[in-house]
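> Right, I'll just put the structure down here and ask away after.
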Amino acid sequence: ASCVQYRLVVRDVSTLQVLQLYTCLDQIQYIEWSSDSLFILCAMYKRGIVQVWSLEQPDWHCKIDEGSAGLVASCWSPDGRHILNTTEFHLRITVWSLCTKSVSYIKYPKACQQGIAFTKDGRYMAVAERRDCKDFVSIFVCSDWQLLRHFDTETQDLFGIEWAPNGCVLAVWDTCLEYKILLYSLDGRLLSTYRAYEWSLGIKSVAWSPSSQFLAIGSYDEKVRILNHVTWKKITEFEHPATIANTKTVVYKEVEKSPSAETERLSFPPSRALASSRFSAQSKYDISQVPVSLHHIKPVADRANPKMGVGMLAFSADNCFLATKNDNIPNAVWIWDIQKLKLSVVLEQLCAIQSFQWDPRQPRLALCTGNSKVYLWSPAGCVSVQVPMEGDFQIVSLSWHSSGDSMALLSKDNFCVCYLEREEV
C-alpha cells in the first residue's frame, strides 16, 4: 500500500498492478496494515481523523473522528480489530473496537519516543505514563483491555519501552541525560538496573536480539554494550574507533567505477538504460588493507542532539550478526559476529548511511545512502546495485518483504520495488 496525498493505492506485490484505490477525506500522513492484512488505516493528523478500509469489502468504510481532542498518533492493536489513537498533548489514548464499536480510554500516556509496546504474541500491551511528575508503566491484557499491572519506574524522565521478543521482560530506558536501563518482569518486578556511567550523555538506541538472549544498548560514548538474559550484566562492549587495525576484520570500501569500454561503442540515439547509466556513477566494493582510517566528523558539542554515538543498531533474524552505525563516522556500517563477539566486517560508503535493514529470513543486510543505489551485504560478500530509473531517484529508506524476496525502496516522492532472485540452496 502507498499513499499519494489523499489517495490510498493498494497493489499486488509481484506485478505492481493496482488492486484497489481508496479516496480519503484529506491528505494522508500515516498508513498501517492490520496484522491479518484485511484492513488498512489512514491517519489524517491535521484533521484528527482516522479512516479504515477493508480489502475484502471495498464498499465498507469506517471513520473515527477524535474531534476537538485532536490526534498525534494512531496504530493497530495486534488482533487487527482495535485502533489506538493518541490525542493531542498526550491527554489520553482512545481504544476503538471495529467489531463492537465500543471505546476505552487510557489516561496520562507519556509523550516520549516509544511509549506503547506490544508483546510479540499480541497478548499484552505496556504503556508509559506520566502523572504527578513521576513515570509509571501500565500493562494491559489486549483481549479485553483490562489493567494487569501498574507500577512506577525508577526513571527521571522515561524515554522508551520495549518488550523482549519472548514477552517475558520489558526494557525501560531513561532520557539521554541519565544513563539508566531497567528490566521488569511481566508482573512488574524490577529484575535488574544497568548503568554504564554517570554525568554524561547516555543511551541513544536499544535493540533486543530475536532470541531474547541479548539486549544491545548503543550510547553517546560511541560504544554498544551487550547484556545477557541470565544475569542482566554486561558480557561485552563494542567500540567504534576511527581507525581499524585488526587484521581479522574485513573492510569493504565503496569506490566509483569508471564506465567500462562497452559504453564507448555508443549507438545513436543512446538506449534508455545507457542514457541513465551515463549520468549516474557506477560503484563497486574493494577490500581495503588494514589499518584503515574511516572518515569521521567532530560533533558540535554546544548543540542539542549532537551527531555522535551509536544511533542505529539491529540484529539479524538468525541472531548471528549485529549491525551498528556510529553517528560520528556517518559513512560506515559495522557488522559484529555475535557468536564470537568480535567485529567481522566494516562497510565504508561514499555517502552517509540513511537506513539499513536485515532480510527477515537470512543474514543479508540492505542499506541505502541517499543516492540511486541499494547495497547488500551477506557473509558471502557485498554488492552495489544501481536502480534503473530515469532522473534522480534518491533512496532514503527501504523495507523488506516478509519473504525476503523483494524490498521497497523509497525516495521523497517515489518508490520502486527491487526483486531478488532466490538462490536454490
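Each chain in the C-alpha cells gets a letter, A, B, ..., in the order shown, and its residues are numbered from 1; ligands are numbered from 1 in order too.
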Which neighbours of range 289-299 of chain A fall inside 6 Å, counting only C-alpha atoms, when residues of the same chain fewer than 3 positions from it are skipped, and could you give them as a PyMOL selection string?
chain A and resi 242-245+306-307+328-329
> Could you pull the residues within 8 Å of Leu183 in chain A, counting only C-alpha atoms, minus those fewer than 2 positions along the same chain, as a count of residues only?
10
> How many Å lie between CA of Leu158 in chain A and CA of Ala128 in chain A, rounded to one decimal?
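CA of Leu158 in chain A sits 7.8 Å away from CA of Ala128 in chain A.
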> To one decimal place in Å, what is the distance between CA of Ser372 in chain A and CA of Ala43 in chain A?
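Spanning CA of Ser372 in chain A to CA of Ala43 in chain A is a straight-line distance of 29.6 Å.
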> I need the strand (DSSP E or B) residues of range 164-273 of chain A per DSSP on the backbone, written as JSON, numbers by chain.
{"A": [169, 170, 171, 172, 173, 174, 181, 182, 183, 184, 185, 190, 191, 192, 193, 194, 203, 204, 205, 206, 207, 208, 214, 215, 216, 217, 218, 219, 223, 224, 225, 226, 227, 228, 234, 235, 236, 237, 238, 239, 243, 244, 250, 251, 252, 253, 254, 255, 256, 257]}
> Out of A:Trp33, A:Trp96, A:Trp334, A:Phe393, which residue has the shortest atom-to-atom distance to Ile64 in chain A when counting only C-alpha atoms?
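Smallest separation from Ile64 in chain A among the options: A:Trp96.
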> Once you count only C-alpha atoms, what closest atom pair and distance in Å to one decimal does each residue of range 346-410 of chain A within 12 Å of range 199-222 of chain A have, with rows by chain and rising residue number, as a Markdown table?

| residue | atom | partner | partner_atom | distance |
| --- | --- | --- | --- | --- |
| A:Trp358 | CA | A:Pro210 | CA | 12.0 |
| A:Pro360 | CA | A:Pro210 | CA | 10.7 |
| A:Arg361 | CA | A:Pro210 | CA | 12.0 |
> Using all heavy atoms, can you write the selected residues to a file as a compact mmCIF listing (two decimals), in the first residue's frame?

# COMPACT_ATOMS: atom_id res chain seq x y z
N TRP A 358 17.80 -5.63 8.01
CA TRP A 358 18.14 -7.03 7.73
C TRP A 358 17.01 -7.72 6.98
O TRP A 358 15.83 -7.46 7.24
CB TRP A 358 18.39 -7.79 9.04
CG TRP A 358 19.66 -7.44 9.73
CD1 TRP A 358 19.82 -6.61 10.80
CD2 TRP A 358 20.98 -7.94 9.41
NE1 TRP A 358 21.14 -6.53 11.15
CE2 TRP A 358 21.87 -7.34 10.33
CE3 TRP A 358 21.49 -8.81 8.45
CZ2 TRP A 358 23.25 -7.59 10.32
CZ3 TRP A 358 22.84 -9.06 8.43
CH2 TRP A 358 23.71 -8.46 9.36
N PRO A 360 14.42 -10.45 6.57
CA PRO A 360 13.75 -11.17 7.66
C PRO A 360 13.99 -12.69 7.66
O PRO A 360 13.66 -13.36 8.63
CB PRO A 360 12.26 -10.87 7.43
CG PRO A 360 12.15 -10.36 6.05
CD PRO A 360 13.47 -9.81 5.64
N ARG A 361 14.58 -13.25 6.58
CA ARG A 361 14.73 -14.69 6.50
C ARG A 361 16.18 -15.18 6.62
O ARG A 361 16.42 -16.31 7.00
CB ARG A 361 14.17 -15.21 5.16
CG ARG A 361 12.67 -15.06 5.04
CD ARG A 361 11.98 -16.01 6.02
NE ARG A 361 10.55 -15.76 6.08
CZ ARG A 361 9.65 -16.39 5.33
NH1 ARG A 361 10.04 -17.27 4.44
NH2 ARG A 361 8.37 -16.13 5.48
> Could you find all residues in range 220-394 of chain A that DSSP calls helix (DSSP H, G or I) from the backbone, and write them as a list in words?
Ala261, Glu262, Thr263, Glu264, Arg272, Ala273, Leu274, Ala275, Ser276, Ser277, Arg278 and Phe279 of chain A
> Keeping only N, CA and C atoms, take the residues you just selected and write them out as a PDB file, in the first residue's frame.

ATOM      1  N   ALA A 261      34.599  -0.037 -21.137  1.00  0.00           N
ATOM      2  CA  ALA A 261      34.840   0.222 -22.561  1.00  0.00           C
ATOM      3  C   ALA A 261      33.602  -0.096 -23.401  1.00  0.00           C
ATOM      4  N   GLU A 262      32.704  -0.908 -22.834  1.00  0.00           N
ATOM      5  CA  GLU A 262      31.496  -1.275 -23.574  1.00  0.00           C
ATOM      6  C   GLU A 262      30.707  -0.040 -23.974  1.00  0.00           C
ATOM      7  N   THR A 263      30.633   0.945 -23.042  1.00  0.00           N
ATOM      8  CA  THR A 263      29.786   2.106 -23.321  1.00  0.00           C
ATOM      9  C   THR A 263      30.401   3.023 -24.378  1.00  0.00           C
ATOM     10  N   GLU A 264      31.685   2.766 -24.762  1.00  0.00           N
ATOM     11  CA  GLU A 264      32.296   3.630 -25.762  1.00  0.00           C
ATOM     12  C   GLU A 264      31.646   3.423 -27.137  1.00  0.00           C
ATOM     13  N   ARG A 272      17.738   3.820 -23.601  1.00  0.00           N
ATOM     14  CA  ARG A 272      17.304   4.436 -22.339  1.00  0.00           C
ATOM     15  C   ARG A 272      18.173   3.994 -21.163  1.00  0.00           C
ATOM     16  N   ALA A 273      18.440   2.690 -21.114  1.00  0.00           N
ATOM     17  CA  ALA A 273      19.233   2.167 -19.990  1.00  0.00           C
ATOM     18  C   ALA A 273      20.618   2.799 -19.999  1.00  0.00           C
ATOM     19  N   LEU A 274      21.158   2.942 -21.212  1.00  0.00           N
ATOM     20  CA  LEU A 274      22.505   3.502 -21.334  1.00  0.00           C
ATOM     21  C   LEU A 274      22.489   4.980 -20.956  1.00  0.00           C
ATOM     22  N   ALA A 275      21.445   5.682 -21.387  1.00  0.00           N
ATOM     23  CA  ALA A 275      21.363   7.115 -21.099  1.00  0.00           C
ATOM     24  C   ALA A 275      21.342   7.360 -19.596  1.00  0.00           C
ATOM     25  N   SER A 276      20.567   6.552 -18.871  1.00  0.00           N
ATOM     26  CA  SER A 276      20.501   6.783 -17.424  1.00  0.00           C
ATOM     27  C   SER A 276      21.810   6.389 -16.749  1.00  0.00           C
ATOM     28  N   SER A 277      22.489   5.363 -17.301  1.00  0.00           N
ATOM     29  CA  SER A 277      23.735   4.937 -16.657  1.00  0.00           C
ATOM     30  C   SER A 277      24.876   5.909 -16.942  1.00  0.00           C
ATOM     31  N   ARG A 278      24.745   6.718 -17.992  1.00  0.00           N
ATOM     32  CA  ARG A 278      25.802   7.692 -18.298  1.00  0.00           C
ATOM     33  C   ARG A 278      25.915   8.715 -17.172  1.00  0.00           C
ATOM     34  N   PHE A 279      24.756   9.093 -16.595  1.00  0.00           N
ATOM     35  CA  PHE A 279      24.758  10.201 -15.648  1.00  0.00           C
ATOM     36  C   PHE A 279      24.999   9.744 -14.214  1.00  0.00           C
TER      37      PHE A 279
END
> Extract, using only C-alpha atoms, all DNA, RNA and protein residues at most 12 Å from range 409-420 of chain A, discarding same-chain residues fewer than 4 positions from it, and format them as a PyMOL selection string.
chain A and resi 1-5+11-16+354-357+359+364+366-376+385-401+403-405
> Could you dump the residues just selected with C-alpha atoms as a PDB file, in the first residue's frame?

ATOM      1  CA  ALA A   1       0.000   0.000   0.000  1.00  0.00           C
ATOM      2  CA  SER A   2       1.177   3.519  -0.721  1.00  0.00           C
ATOM      3  CA  CYS A   3      -0.451   6.901  -0.365  1.00  0.00           C
ATOM      4  CA  VAL A   4      -0.396   9.862  -2.745  1.00  0.00           C
ATOM      5  CA  GLN A   5      -1.823  12.911  -0.963  1.00  0.00           C
ATOM      6  CA  ARG A  11      -1.013  -3.053  -5.378  1.00  0.00           C
ATOM      7  CA  ASP A  12      -0.155  -6.686  -5.979  1.00  0.00           C
ATOM      8  CA  VAL A  13       3.432  -7.222  -4.810  1.00  0.00           C
ATOM      9  CA  SER A  14       4.529  -9.469  -7.664  1.00  0.00           C
ATOM     10  CA  THR A  15       3.061  -7.471 -10.579  1.00  0.00           C
ATOM     11  CA  LEU A  16       2.561  -3.997  -9.017  1.00  0.00           C
ATOM     12  CA  GLN A 354      20.479   6.817   5.677  1.00  0.00           C
ATOM     13  CA  SER A 355      18.961   3.493   6.655  1.00  0.00           C
ATOM     14  CA  PHE A 356      19.707  -0.213   6.912  1.00  0.00           C
ATOM     15  CA  GLN A 357      17.566  -3.280   7.477  1.00  0.00           C
ATOM     16  CA  ASP A 359      16.443  -9.540   5.446  1.00  0.00           C
ATOM     17  CA  ARG A 364      21.589 -10.323   4.489  1.00  0.00           C
ATOM     18  CA  ALA A 366      20.382  -3.931   2.794  1.00  0.00           C
ATOM     19  CA  LEU A 367      21.408  -0.313   3.146  1.00  0.00           C
ATOM     20  CA  CYS A 368      20.959   2.997   1.343  1.00  0.00           C
ATOM     21  CA  THR A 369      22.917   6.249   1.362  1.00  0.00           C
ATOM     22  CA  GLY A 370      20.587   8.777  -0.274  1.00  0.00           C
ATOM     23  CA  ASN A 371      21.739   8.053  -3.844  1.00  0.00           C
ATOM     24  CA  SER A 372      20.203   5.820  -6.519  1.00  0.00           C
ATOM     25  CA  LYS A 373      21.923   2.623  -5.351  1.00  0.00           C
ATOM     26  CA  VAL A 374      20.998  -0.085  -2.906  1.00  0.00           C
ATOM     27  CA  TYR A 375      23.797  -2.024  -1.203  1.00  0.00           C
ATOM     28  CA  LEU A 376      23.595  -5.610   0.023  1.00  0.00           C
ATOM     29  CA  VAL A 385      23.070  -2.275  -7.222  1.00  0.00           C
ATOM     30  CA  GLN A 386      22.113   0.655  -9.419  1.00  0.00           C
ATOM     31  CA  VAL A 387      18.354   1.345  -9.552  1.00  0.00           C
ATOM     32  CA  PRO A 388      17.471   1.552 -13.277  1.00  0.00           C
ATOM     33  CA  MET A 389      15.303   4.665 -13.136  1.00  0.00           C
ATOM     34  CA  GLU A 390      15.381   7.817 -15.180  1.00  0.00           C
ATOM     35  CA  GLY A 391      16.129  11.045 -13.386  1.00  0.00           C
ATOM     36  CA  ASP A 392      17.186  11.478  -9.812  1.00  0.00           C
ATOM     37  CA  PHE A 393      15.957   8.694  -7.509  1.00  0.00           C
ATOM     38  CA  GLN A 394      17.452   9.236  -4.055  1.00  0.00           C
ATOM     39  CA  ILE A 395      16.748   6.269  -1.798  1.00  0.00           C
ATOM     40  CA  VAL A 396      16.194   7.479   1.764  1.00  0.00           C
ATOM     41  CA  SER A 397      14.698   4.330   3.283  1.00  0.00           C
ATOM     42  CA  LEU A 398      13.923   0.717   2.439  1.00  0.00           C
ATOM     43  CA  SER A 399      11.636  -2.029   3.631  1.00  0.00           C
ATOM     44  CA  TRP A 400      11.954  -5.784   3.107  1.00  0.00           C
ATOM     45  CA  HIS A 401       9.063  -8.029   2.088  1.00  0.00           C
ATOM     46  CA  SER A 403       9.557 -13.400   2.422  1.00  0.00           C
ATOM     47  CA  GLY A 404      12.933 -11.709   1.820  1.00  0.00           C
ATOM     48  CA  ASP A 405      12.398 -11.982  -1.966  1.00  0.00           C
TER      49      ASP A 405
END
> Which residues come within 12 Å of range 116-120 of chain A, counting only C-alpha atoms, excluding same-chain residues fewer than 3 positions away, as an mmCIF file with N, CA, C and O atoms, in the first residue's frame?

data_model
loop_
_atom_site.group_PDB
_atom_site.id
_atom_site.type_symbol
_atom_site.label_atom_id
_atom_site.label_comp_id
_atom_site.auth_asym_id
_atom_site.auth_seq_id
_atom_site.Cartn_x
_atom_site.Cartn_y
_atom_site.Cartn_z
ATOM 1 N N SER A 35 -2.820 -6.676 11.345
ATOM 2 C CA SER A 35 -1.933 -7.848 11.393
ATOM 3 C C SER A 35 -2.334 -8.926 10.390
ATOM 4 O O SER A 35 -1.491 -9.661 9.893
ATOM 5 N N ALA A 73 -1.083 10.404 17.052
ATOM 6 C CA ALA A 73 -0.550 9.086 16.678
ATOM 7 C C ALA A 73 -1.691 8.097 16.603
ATOM 8 O O ALA A 73 -2.692 8.222 17.315
ATOM 9 N N SER A 74 -1.537 7.097 15.726
ATOM 10 C CA SER A 74 -2.567 6.076 15.568
ATOM 11 C C SER A 74 -1.885 4.759 15.235
ATOM 12 O O SER A 74 -0.902 4.742 14.501
ATOM 13 N N CYS A 75 -2.390 3.657 15.789
ATOM 14 C CA CYS A 75 -1.806 2.352 15.453
ATOM 15 C C CYS A 75 -2.835 1.248 15.681
ATOM 16 O O CYS A 75 -3.838 1.444 16.364
ATOM 17 N N TRP A 76 -2.570 0.085 15.091
ATOM 18 C CA TRP A 76 -3.419 -1.094 15.280
ATOM 19 C C TRP A 76 -3.025 -1.824 16.561
ATOM 20 O O TRP A 76 -1.858 -1.839 16.945
ATOM 21 N N SER A 77 -3.993 -2.486 17.161
ATOM 22 C CA SER A 77 -3.658 -3.473 18.191
ATOM 23 C C SER A 77 -3.284 -4.762 17.463
ATOM 24 O O SER A 77 -3.608 -4.940 16.291
ATOM 25 N N PRO A 78 -2.606 -5.718 18.138
ATOM 26 C CA PRO A 78 -2.142 -6.916 17.433
ATOM 27 C C PRO A 78 -3.266 -7.772 16.852
ATOM 28 O O PRO A 78 -3.031 -8.512 15.902
ATOM 29 N N ASP A 79 -4.488 -7.676 17.394
ATOM 30 C CA ASP A 79 -5.564 -8.519 16.832
ATOM 31 C C ASP A 79 -6.126 -7.949 15.532
ATOM 32 O O ASP A 79 -6.928 -8.599 14.863
ATOM 33 N N LEU A 84 -5.744 2.230 18.271
ATOM 34 C CA LEU A 84 -5.356 3.057 19.416
ATOM 35 C C LEU A 84 -4.968 4.438 18.901
ATOM 36 O O LEU A 84 -4.021 4.565 18.120
ATOM 37 N N ASN A 85 -5.709 5.444 19.341
ATOM 38 C CA ASN A 85 -5.430 6.816 18.939
ATOM 39 C C ASN A 85 -4.917 7.613 20.129
ATOM 40 O O ASN A 85 -5.515 7.570 21.208
ATOM 41 N N THR A 86 -3.825 8.328 19.933
ATOM 42 C CA THR A 86 -3.304 9.211 20.979
ATOM 43 C C THR A 86 -3.729 10.632 20.657
ATOM 44 O O THR A 86 -3.477 11.125 19.551
ATOM 45 N N ILE A 93 -5.181 7.922 25.527
ATOM 46 C CA ILE A 93 -5.203 7.023 24.370
ATOM 47 C C ILE A 93 -6.619 6.458 24.297
ATOM 48 O O ILE A 93 -7.154 5.973 25.303
ATOM 49 N N ILE A 106 -7.394 5.222 27.985
ATOM 50 C CA ILE A 106 -6.223 5.046 28.846
ATOM 51 C C ILE A 106 -5.700 6.452 29.118
ATOM 52 O O ILE A 106 -5.363 7.188 28.184
ATOM 53 N N PRO A 109 -1.026 9.012 29.038
ATOM 54 C CA PRO A 109 0.106 8.404 28.327
ATOM 55 C C PRO A 109 1.248 9.409 28.246
ATOM 56 O O PRO A 109 1.016 10.623 28.197
ATOM 57 N N LYS A 110 2.458 8.902 28.237
ATOM 58 C CA LYS A 110 3.611 9.803 28.243
ATOM 59 C C LYS A 110 4.036 10.178 26.824
ATOM 60 O O LYS A 110 4.087 9.326 25.945
ATOM 61 N N ALA A 111 4.361 11.447 26.631
ATOM 62 C CA ALA A 111 4.878 11.892 25.331
ATOM 63 C C ALA A 111 6.363 11.559 25.281
ATOM 64 O O ALA A 111 7.188 12.282 25.814
ATOM 65 N N CYS A 112 6.715 10.414 24.690
ATOM 66 C CA CYS A 112 8.128 10.038 24.580
ATOM 67 C C CYS A 112 8.330 9.315 23.264
ATOM 68 O O CYS A 112 7.380 9.067 22.525
ATOM 69 N N GLN A 113 9.581 8.953 22.982
ATOM 70 C CA GLN A 113 9.909 8.378 21.681
ATOM 71 C C GLN A 113 9.135 7.075 21.438
ATOM 72 O O GLN A 113 8.640 6.829 20.357
ATOM 73 N N ARG A 123 -0.443 -10.559 23.220
ATOM 74 C CA ARG A 123 -1.320 -10.737 24.385
ATOM 75 C C ARG A 123 -1.310 -9.545 25.331
ATOM 76 O O ARG A 123 -2.317 -9.256 25.977
ATOM 77 N N TYR A 124 -0.176 -8.880 25.412
ATOM 78 C CA TYR A 124 -0.069 -7.799 26.399
ATOM 79 C C TYR A 124 0.414 -6.509 25.749
ATOM 80 O O TYR A 124 1.133 -6.531 24.750
ATOM 81 N N MET A 125 0.014 -5.409 26.382
ATOM 82 C CA MET A 125 0.464 -4.090 25.931
ATOM 83 C C MET A 125 1.004 -3.334 27.135
ATOM 84 O O MET A 125 0.383 -3.338 28.204
ATOM 85 N N ALA A 126 2.158 -2.697 26.966
ATOM 86 C CA ALA A 126 2.699 -1.829 28.009
ATOM 87 C C ALA A 126 2.584 -0.385 27.537
ATOM 88 O O ALA A 126 2.828 -0.089 26.364
ATOM 89 N N VAL A 127 2.174 0.491 28.450
ATOM 90 C CA VAL A 127 2.035 1.910 28.131
ATOM 91 C C VAL A 127 2.824 2.713 29.154
ATOM 92 O O VAL A 127 2.669 2.508 30.362
ATOM 93 N N ALA A 128 3.680 3.622 28.656
ATOM 94 C CA ALA A 128 4.404 4.523 29.556
ATOM 95 C C ALA A 128 3.471 5.669 29.932
ATOM 96 O O ALA A 128 2.791 6.229 29.075
ATOM 97 N N GLU A 129 3.438 5.994 31.228
ATOM 98 C CA GLU A 129 2.543 7.054 31.702
ATOM 99 C C GLU A 129 3.322 8.063 32.541
ATOM 100 O O GLU A 129 4.363 7.739 33.096
ATOM 101 N N VAL A 137 4.446 2.614 34.446
ATOM 102 C CA VAL A 137 4.132 1.733 33.322
ATOM 103 C C VAL A 137 2.880 0.954 33.694
ATOM 104 O O VAL A 137 2.777 0.436 34.805
ATOM 105 N N SER A 138 1.919 0.904 32.764
ATOM 106 C CA SER A 138 0.735 0.071 32.947
ATOM 107 C C SER A 138 0.788 -1.058 31.937
ATOM 108 O O SER A 138 1.116 -0.828 30.769
ATOM 109 N N ILE A 139 0.467 -2.263 32.386
ATOM 110 C CA ILE A 139 0.425 -3.423 31.481
ATOM 111 C C ILE A 139 -1.028 -3.861 31.356
ATOM 112 O O ILE A 139 -1.709 -4.091 32.369
ATOM 113 N N PHE A 140 -1.507 -3.940 30.123
ATOM 114 C CA PHE A 140 -2.898 -4.301 29.848
ATOM 115 C C PHE A 140 -2.956 -5.642 29.130
ATOM 116 O O PHE A 140 -2.049 -5.995 28.379
ATOM 117 N N VAL A 141 -4.060 -6.364 29.344
ATOM 118 C CA VAL A 141 -4.336 -7.591 28.579
ATOM 119 C C VAL A 141 -5.083 -7.155 27.322
ATOM 120 O O VAL A 141 -6.130 -6.504 27.412
ATOM 121 N N CYS A 142 -4.563 -7.501 26.148
ATOM 122 C CA CYS A 142 -5.131 -6.963 24.906
ATOM 123 C C CYS A 142 -6.501 -7.555 24.556
ATOM 124 O O CYS A 142 -7.239 -6.962 23.774
ATOM 125 N N PHE A 159 12.137 7.455 28.539
ATOM 126 C CA PHE A 159 12.255 7.806 27.126
ATOM 127 C C PHE A 159 11.681 6.740 26.201
ATOM 128 O O PHE A 159 11.238 7.036 25.105
ATOM 129 N N GLY A 160 11.722 5.469 26.624
ATOM 130 C CA GLY A 160 11.216 4.427 25.739
ATOM 131 C C GLY A 160 11.036 3.106 26.465
ATOM 132 O O GLY A 160 11.642 2.870 27.517
ATOM 133 N N ILE A 161 10.159 2.257 25.907
ATOM 134 C CA ILE A 161 9.939 0.907 26.454
ATOM 135 C C ILE A 161 9.932 -0.083 25.297
ATOM 136 O O ILE A 161 9.536 0.253 24.186
ATOM 137 N N GLU A 162 10.383 -1.297 25.561
ATOM 138 C CA GLU A 162 10.446 -2.318 24.503
ATOM 139 C C GLU A 162 10.404 -3.703 25.134
ATOM 140 O O GLU A 162 11.213 -4.017 26.010
ATOM 141 N N TRP A 163 9.459 -4.533 24.694
ATOM 142 C CA TRP A 163 9.376 -5.915 25.173
ATOM 143 C C TRP A 163 10.464 -6.775 24.529
ATOM 144 O O TRP A 163 10.773 -6.598 23.344
ATOM 145 N N ALA A 164 10.971 -7.726 25.275
ATOM 146 C CA ALA A 164 11.795 -8.773 24.666
ATOM 147 C C ALA A 164 10.889 -9.589 23.736
ATOM 148 O O ALA A 164 9.698 -9.735 24.008
ATOM 149 N N PRO A 165 11.442 -10.148 22.646
ATOM 150 C CA PRO A 165 10.593 -10.909 21.717
ATOM 151 C C PRO A 165 9.811 -12.048 22.369
ATOM 152 O O PRO A 165 8.726 -12.392 21.909
ATOM 153 N N ASN A 166 10.342 -12.637 23.458
ATOM 154 C CA ASN A 166 9.577 -13.723 24.109
ATOM 155 C C ASN A 166 8.495 -13.193 25.052
ATOM 156 O O ASN A 166 7.751 -13.970 25.646
ATOM 157 N N GLY A 167 8.408 -11.880 25.220
ATOM 158 C CA GLY A 167 7.322 -11.295 26.012
ATOM 159 C C GLY A 167 7.479 -11.432 27.516
ATOM 160 O O GLY A 167 6.538 -11.175 28.258
ATOM 161 N N CYS A 168 8.652 -11.830 27.990
ATOM 162 C CA CYS A 168 8.836 -12.038 29.435
ATOM 163 C C CYS A 168 9.421 -10.820 30.139
ATOM 164 O O CYS A 168 9.245 -10.668 31.343
ATOM 165 N N VAL A 169 10.153 -9.992 29.413
ATOM 166 C CA VAL A 169 10.879 -8.893 30.047
ATOM 167 C C VAL A 169 10.604 -7.600 29.293
ATOM 168 O O VAL A 169 10.573 -7.587 28.060
ATOM 169 N N LEU A 170 10.385 -6.533 30.063
ATOM 170 C CA LEU A 170 10.175 -5.217 29.479
ATOM 171 C C LEU A 170 11.382 -4.337 29.803
ATOM 172 O O LEU A 170 11.730 -4.165 30.968
ATOM 173 N N ALA A 171 12.025 -3.825 28.756
ATOM 174 C CA ALA A 171 13.143 -2.889 28.959
ATOM 175 C C ALA A 171 12.582 -1.474 28.993
ATOM 176 O O ALA A 171 11.767 -1.109 28.148
ATOM 177 N N VAL A 172 13.018 -0.693 29.975
ATOM 178 C CA VAL A 172 12.577 0.694 30.138
ATOM 179 C C VAL A 172 13.842 1.532 30.239
ATOM 180 O O VAL A 172 14.698 1.238 31.076
ATOM 181 N N LEU A 186 6.898 -9.426 33.674
ATOM 182 C CA LEU A 186 5.510 -9.190 33.263
ATOM 183 C C LEU A 186 4.646 -8.767 34.449
ATOM 184 O O LEU A 186 3.678 -8.023 34.290
ATOM 185 N N PRO A 210 16.593 -11.361 18.415
ATOM 186 C CA PRO A 210 15.356 -12.124 18.180
ATOM 187 C C PRO A 210 15.159 -13.275 19.157
ATOM 188 O O PRO A 210 14.030 -13.686 19.425
ATOM 189 N N SER A 211 16.251 -13.817 19.720
ATOM 190 C CA SER A 211 16.120 -14.936 20.654
ATOM 191 C C SER A 211 15.866 -14.464 22.084
ATOM 192 O O SER A 211 15.712 -15.291 22.977
ATOM 193 N N SER A 212 15.843 -13.143 22.305
ATOM 194 C CA SER A 212 15.677 -12.532 23.640
ATOM 195 C C SER A 212 16.867 -12.779 24.568
ATOM 196 O O SER A 212 16.775 -12.506 25.760
#
> Nearest residue to Trp173 in chain A out of A:Asn228, A:Lys223, A:Gln114, A:Cys99, using only C-alpha atoms?
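Under the stated criterion, the closest residue is A:Gln114.
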> Find, counting only C-alpha atoms, the residue in A:Leu322, A:Leu55, A:Ile49, A:Ala281 that gets nearest to Leu21 in chain A.
A:Leu55
